[in-house]
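To start, the structure itself, in structure tokens.
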Amino acid sequence: MIKVGYWDQTYAEQRLIVQKENVGKVQYIPIDRSKDDWMLNLVCSLDTFRKDLFPNRKGFYYHPVGTPKCDLIHNFNGVCDMKLPWFSSYETRLPKRLKVDLDKPVNKWWLKYNCELLAKDHCKGLFPISRSAYEIEQAYIKRYAEEYYDDIMKKTEVVHPPQAEIVTESMIQEKNETILKKIEFIFVGTGFWFKGGKEAVEALAKFRKDYDFHLTIVSDFLVFPEREPQYTKEDYRQAMKLIHENRDWITLYNKLSNRRVLKLCAESHVGVLPSYADSYGYACLEFQASGCPVITSDIRAFSEINGEEYGYVYRIDPAMSSKEKQENNLRCLIGIFEEIFNHPEEIAKKGRRSLERIREMHSPQKYADFMLEKYRQALKQK
């Protein structure tokens with residue numbers, strides 16, 4: 001049995017690394033990094049040159065004290081500094097860095113050092129989870145560490161996340177019979193603002209007098225300053241007021257278990273995810289796996305996992321200002337909702353195609369088999 005170490009318990013690790021389909025062939029071992037991080041912090045604190053590295057490497061760099069009790073390591077968004085074989089899946093680029101000044105010598109050195117680790121033979125595979133991430137990595141390495149470009153990119157391969165089906169055929173048929181009576185929309189996302197939740201509510205409110213529908217919102221309305229510096233407490237107050245005024249057709253949940261969220265997806269007709277900024281968009285896959293066509297923008301991976309054949313897509317120009325993006329979102333959403341209300345029969349067709357797409361492109365078994373083969377190759381097993 002192959003022992004695969006991983007160092008975090010986040011949603012991404014559980015999706016991309018721990019595969020129940022490989023249980024019995026692979027033992028997944030969570031790694032406690034506290035000792036390793038303590039030692040690295042101590043070394044950096046005693047070294048004037050490296051003392052500013054904390055924000056640049058925290059969580060994204062692993063240098064073990066001793067040898068981990070596993071055969072190899074598979075991490076998410078990280079770089080390993082060790083002699084064991086290792087793999088990394090990532091959502092945007094490697095090495096990952098926070099907002100730092102690359103004119104500082106220490107940051108330049110750190111970036112190059114991590115790129116050297118990516119290029120070494122101990123790194124056995126790099127898996128961007130979208131073509132978008134692959135292209136970002138290409139440009140990133142070419143700009144900052146071109147001498148390592150060939151060695152890094154030859155082991156880089158796009159591997160989209162797995163996604164299990166959430167609904168059965170009978171569940172699909174049952175909920176599709178209710179579309180013409182009342183359309184059930186669902187929005188899921190912690191980042192209510194940058195995922196376009198405010199504009200979605202405003203757009204739907206314009207149709208309330210003419211059509212019967214319901215919107216479920218699952219969000220705790222957290223603000224991410226690096227993505228949403230313009231949003232204030234007043235924006236939050238206004239959003240709550242808008243939702244409260246329309247509580248006859250909106251149900252709001254601040255926090256639910258993943259199981260409960262998936263049940264709501266399975267009962268819904270259309271997923272609403274008009275995001276300005278998403279490194280991937282796992283909720284899009286969950287909606288599709290529930291037989292729900294999804295409303296998205298075309299940013300990042302959305303252009304790869306959503307399309308007019310099985311969803312509703314609109315364009316966002318990256319050059320737009322925040323205000324222009326909000327206006328564009330509202331305008332496009334109004335047009336899409338109008339299309340949906342005028343042609344509700346398309347919802348069921350797109351929903352079935354969405355589920356077919358999940359079966360074909362995001363099979364958990366195929367994903368698990370792929371990773372197992374990569375692990376065996378790294379350990380030279382048959």
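Chain identifiers are assigned as A, B, and so on, following the order in which chains appear in the structure tokens; residues are numbered from 1 within each chain, and ligands are numbered from 1 in order of appearance.
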Item to check | Backbone-only DSSP, helix (DSSP H, G or I) members of segment 140-359 of chain A, as a count of residues only | outcome: 101
Item to check | Backbone DSSP call of strand (DSSP E or B) for segment 120-309 of chain A, listed as a VMD selection string | outcome: chain A and resid 123 to 128 156 183 to 188 213 to 218 250 to 253 270 to 273 294 to 297
Next on the checklist: Using only C-alpha atoms, which protein or nucleic acid residues come within 8 Å of Asn306 of chain A? Drop anything in the same chain fewer than 5 positions from it, and give the result as an MDAnalysis selection string.
Outcome noted: chainID A and resid 284 294 296 311:313
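For segment 216-222 of chain A, the list of residues within 6 Å, based on only C-alpha atoms and with local chain neighbours fewer than 2 positions off taken out, reads A:Ile186, A:Phe187, A:Val188, A:Gly189, A:Thr190, A:Gly191, A:Phe192, A:Ile250, A:Thr251, A:Leu252, A:Tyr253, A:Asn254.
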Next on the checklist: Which residues are close to Ser132 of chain A, i.e. within 10 Å by only C-alpha atoms, leaving aside same-chain residues fewer than 5 positions away? Reply as a PyMOL selection string.
Outcome noted: chain A and resi 91-93+137-138+158+279-280+299-304
Next on the checklist: For Glu345 of chain A, find every residue with an atom within 10 Å (counting only C-alpha atoms), except residues of its own chain fewer than 6 positions away, and show them as a ChimeraX atom specification.
Outcome noted: /A:176,179-180
Next on the checklist: Need the shell around Met171 of chain A: protein/DNA/RNA residues with any atom at most 10 Å away, counting only C-alpha atoms. Skip same-chain ones fewer than 6 positions apart. Format as a list in words?
Outcome noted: Ala266, Glu267, Ser290 and Gly291 of chain A
Checklist entry - For Val270 of chain A, which of A:Ile31, A:Leu204, A:Ile347, A:Leu256 is the closest residue, counting only C-alpha atoms? => result A:Ile347
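With only C-alpha atoms as the atoms that count, the residue of A:Arg315, A:Lys241, A:Lys155, A:Arg357 with the shortest distance to Phe287 of chain A is A:Arg357.
Candidate residues A:Pro30, A:Pro364, A:Gly271, A:Gly196 were compared for distance to His160 of chain A, and the nearest is A:Pro364, using only C-alpha atoms.
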Counting only C-alpha atoms, what are the residues of segment 247-291 of chain A within 12 Å of segment 317-327 of chain A, and for each of them which pair of atoms is the nearest and at what distance in Å, to one decimal? Sort the table by chain and rising number, as JSON lines.
{"residue": "A:Pro274", "atom": "CA", "partner": "A:Gln326", "partner_atom": "CA", "distance": 10.3}
{"residue": "A:Ser275", "atom": "CA", "partner": "A:Lys325", "partner_atom": "CA", "distance": 10.1}
{"residue": "A:Tyr276", "atom": "CA", "partner": "A:Lys325", "partner_atom": "CA", "distance": 7.5}
{"residue": "A:Ala277", "atom": "CA", "partner": "A:Pro318", "partner_atom": "CA", "distance": 10.0}
Residues from the last selection, N, CA and C atoms, saved as a PDB file, in the first residue's frame:
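After the write, out.pdb holds the following:
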ATOM      1  N   PRO A 274     -22.529  34.075 -10.446  1.00  0.00           N
ATOM      2  CA  PRO A 274     -21.998  35.112 -11.346  1.00  0.00           C
ATOM      3  C   PRO A 274     -20.767  35.812 -10.763  1.00  0.00           C
ATOM      4  N   SER A 275     -19.714  35.047 -10.579  1.00  0.00           N
ATOM      5  CA  SER A 275     -18.548  35.520  -9.839  1.00  0.00           C
ATOM      6  C   SER A 275     -17.629  36.426 -10.663  1.00  0.00           C
ATOM      7  N   TYR A 276     -17.029  37.410  -9.962  1.00  0.00           N
ATOM      8  CA  TYR A 276     -16.015  38.267 -10.576  1.00  0.00           C
ATOM      9  C   TYR A 276     -14.633  37.630 -10.504  1.00  0.00           C
ATOM     10  N   ALA A 277     -14.428  36.805  -9.493  1.00  0.00           N
ATOM     11  CA  ALA A 277     -13.087  36.271  -9.233  1.00  0.00           C
ATOM     12  C   ALA A 277     -13.204  34.927  -8.551  1.00  0.00           C
TER      13      ALA A 277
END
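Closest approach to Lys195 of chain A among A:Asn75, A:Ser297, A:Ser34, A:Gln14: A:Ser297, based on only C-alpha atoms.
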Next on the checklist: Using only C-alpha atoms for the distances, tell me which of A:Lys233, A:Lys175, A:Arg331, A:Lys120 is nearest to Ser268 of chain A.
Outcome noted: A:Lys175
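Atom CA of Ile334 of chain A to atom CA of Phe213 of chain A spans 14.5 Å [interatomic distance, one decimal].
The closest residue to Gly197 of chain A, picked from A:Asp278, A:Val167, A:Leu330, A:Glu174 and counting only C-alpha atoms, is A:Leu330.
Atom pair atom CA of Arg376 of chain A / atom CA of Leu118 of chain A: separated by 19.6 Å.
Of note, atom CA of Ile152 of chain A and atom CA of Ala119 of chain A are spaced 4.9 Å apart.
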